[in-house]
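J.: Take a look at the following structure, please.
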Amino acid sequence: MLSELTLLQWILVLSCAFIFGVSKAGVKGIAIIAIPLMAIGFGGKLSTGIVLPMLITGDILAVWYYNRNAKWSLLLQLLPWVLIGVLFGVWLGKDLPELLFKQSMAWIILASVGLMIWWDRRKSNEVPTHWSFQVIMGLLVGFTTMVGNMAGAFANIFFLAMRLDKTTFIGTAAWLFFIVNLFKVPFHVFVWGTISWHTFQLNLALIPAIILGFILGFKIIKLINEQFFRMMILILTAIGALIILL
């Protein structure tokens with residue numbers, strides 16, 4: 001596969017690997033920009049298998065650095081529903097029309113961002129406590145991460161709603177996606193066939209770009225205060241949803 005890539009595809013995949021590294025360092029929301037670019041360069045379903053090991057590489061870096069900052073009580077409440085959502089994604093992913101899926105997710109993300117902006121403007125520290133919120137968001141995170149690696153938007157909205165501080169947000173999200181992305185690997189290998197030795201070779205070549213992106217992302221996060229962090233996530237998430245929609 002490496003020898004078959006064009007120069008444009010190399011530029012595209014290296015740029016996306018760098019973006020994923022920046023995202024995993026804590027600049028949440030920016031990764032959704034790279035997802036449609038990978039789909040354009042490699043096709044919708046195949047790109048999910050190329051992207052997944054890239055994300056796991058970034059997850060390893062994030063878990064290594066932010067391992068003490070996770071809120072495990074919240075993570076353990078959400079995780080079972082996310083894993084169930086992944087299984088729904090495996091089941092429905094083969095036959096789901098890609099355009100319908102992307103358009104639906106984009107509108108849901110935009111509506112959720114609007115709700116979060118309204119929530120922030122109320123200057124309220126309340127968090128959703130009803131069990132249905134965790135169930136719905138967990139299922140959406142699991143389903144969207146399996147079908148299109150687009151769960152970041154829903155996870156961002158959930159953790160923002162929980163009023164987590166910056167480092168706890170990043171640490172909890174790091175562990176969530178590390179566990180979930182590992183859970184997805186067998187389905188990509190044995191059910192969808194989107195991860196192979198050829199795609200894995202490409203992923204090995206992209207590790208330096210992911211590391212460089214992580215280092216830059218970490219430097220950016222250190223300069224951002226809590227209020228700007230929340231607004232940055234909402235803006236990037238909304239931009240990503242518009243990119244998916246268009």
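Labels used: A, B, ... for chains in the order of the structure tokens, numbers from 1 for residues in each chain, and numbers from 1 for ligands as shown.
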Hey, what's within 9 Å of A:Leu87 if we count only C-alpha atoms and toss same-chain stuff fewer than 2 positions away? As a PyMOL selection string, please?
T.: chain A and resi 82-85+89-92+142-143+146+184
J.: Write to file, as a JSON list (two decimals), in the first residue's frame, the residues of the selection just made, with C-alpha atoms.
T.:
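Saved to part-v9.json:
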```
[["chain", "number", "residue", "atom", "x", "y", "z"],
["A", 82, "VAL", "CA", -20.61, 3.40, 24.56],
["A", 83, "LEU", "CA", -19.65, -0.26, 24.01],
["A", 84, "ILE", "CA", -23.28, -1.15, 23.26],
["A", 85, "GLY", "CA", -23.34, 1.73, 20.77],
["A", 89, "GLY", "CA", -22.51, 0.43, 14.72],
["A", 90, "VAL", "CA", -20.94, -2.90, 13.73],
["A", 91, "TRP", "CA", -24.39, -4.33, 12.98],
["A", 92, "LEU", "CA", -25.80, -1.38, 11.03],
["A", 142, "GLY", "CA", -20.33, 4.33, 20.52],
["A", 143, "PHE", "CA", -22.35, 4.25, 17.31],
["A", 146, "MET", "CA", -17.66, 2.73, 14.99],
["A", 184, "LYS", "CA", -13.24, -1.68, 17.88]]
```
J.: With a distance cut-off of 8 Å and only C-alpha atoms, select the neighbouring residues of stretch 201-204 of chain A, excluding the residue or stretch itself and same-chain residues fewer than 5 positions from it, and output the selection as a list of chain:residue names.
T.: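 Counting only C-alpha atoms, the residues come to A:Met1, A:Leu2, A:Ile50, A:Pro53, A:Met54.
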J.: Can you check which residues of stretch 3-242 of chain A DSSP gives as alpha helix (DSSP H) on the backbone and send them as an NGL selection string?
T.: :A and (7-24 or 31-42 or 44-66 or 72-92 or 98-121 or 131-148 or 152-161 or 166-186 or 197-205 or 207-222 or 226-242)
J.: Could you give me, as a ChimeraX atom specification, the residues within 12 Å of A:Thr199, counting only C-alpha atoms and dropping anything in the same chain fewer than 6 positions from it?
T.: /A:1-5,13,42,46-54,188-189,193,205-206
J.: Mind writing the picked residues with C-alpha atoms as a PDB file, in the first residue's frame?
T.:
```
ATOM      1  CA  MET A   1       0.000   0.000   0.000  1.00  0.00           C
ATOM      2  CA  LEU A   2       2.862   2.391   0.787  1.00  0.00           C
ATOM      3  CA  SER A   3       4.237   2.249  -2.760  1.00  0.00           C
ATOM      4  CA  GLU A   4       0.761   2.780  -4.227  1.00  0.00           C
ATOM      5  CA  LEU A   5       0.123   6.124  -2.525  1.00  0.00           C
ATOM      6  CA  VAL A  13      -2.421  11.340   5.399  1.00  0.00           C
ATOM      7  CA  PHE A  42      -9.153   6.839   0.738  1.00  0.00           C
ATOM      8  CA  LEU A  46     -11.521   2.053   4.165  1.00  0.00           C
ATOM      9  CA  SER A  47     -10.498   5.343   5.758  1.00  0.00           C
ATOM     10  CA  THR A  48     -12.024   4.269   9.100  1.00  0.00           C
ATOM     11  CA  GLY A  49      -9.604   1.341   9.236  1.00  0.00           C
ATOM     12  CA  ILE A  50      -6.637   3.573   8.416  1.00  0.00           C
ATOM     13  CA  VAL A  51      -7.668   6.206  10.946  1.00  0.00           C
ATOM     14  CA  LEU A  52      -8.296   3.848  13.882  1.00  0.00           C
ATOM     15  CA  PRO A  53      -4.643   2.816  14.546  1.00  0.00           C
ATOM     16  CA  MET A  54      -3.663   6.479  14.192  1.00  0.00           C
ATOM     17  CA  HIS A 188     -12.423  -3.726  11.745  1.00  0.00           C
ATOM     18  CA  VAL A 189     -10.099  -6.692  11.181  1.00  0.00           C
ATOM     19  CA  GLY A 193     -11.903  -6.055   6.785  1.00  0.00           C
ATOM     20  CA  ALA A 205       5.060   5.174   8.964  1.00  0.00           C
ATOM     21  CA  LEU A 206       2.747   7.847  10.401  1.00  0.00           C
TER      22      LEU A 206
END
```
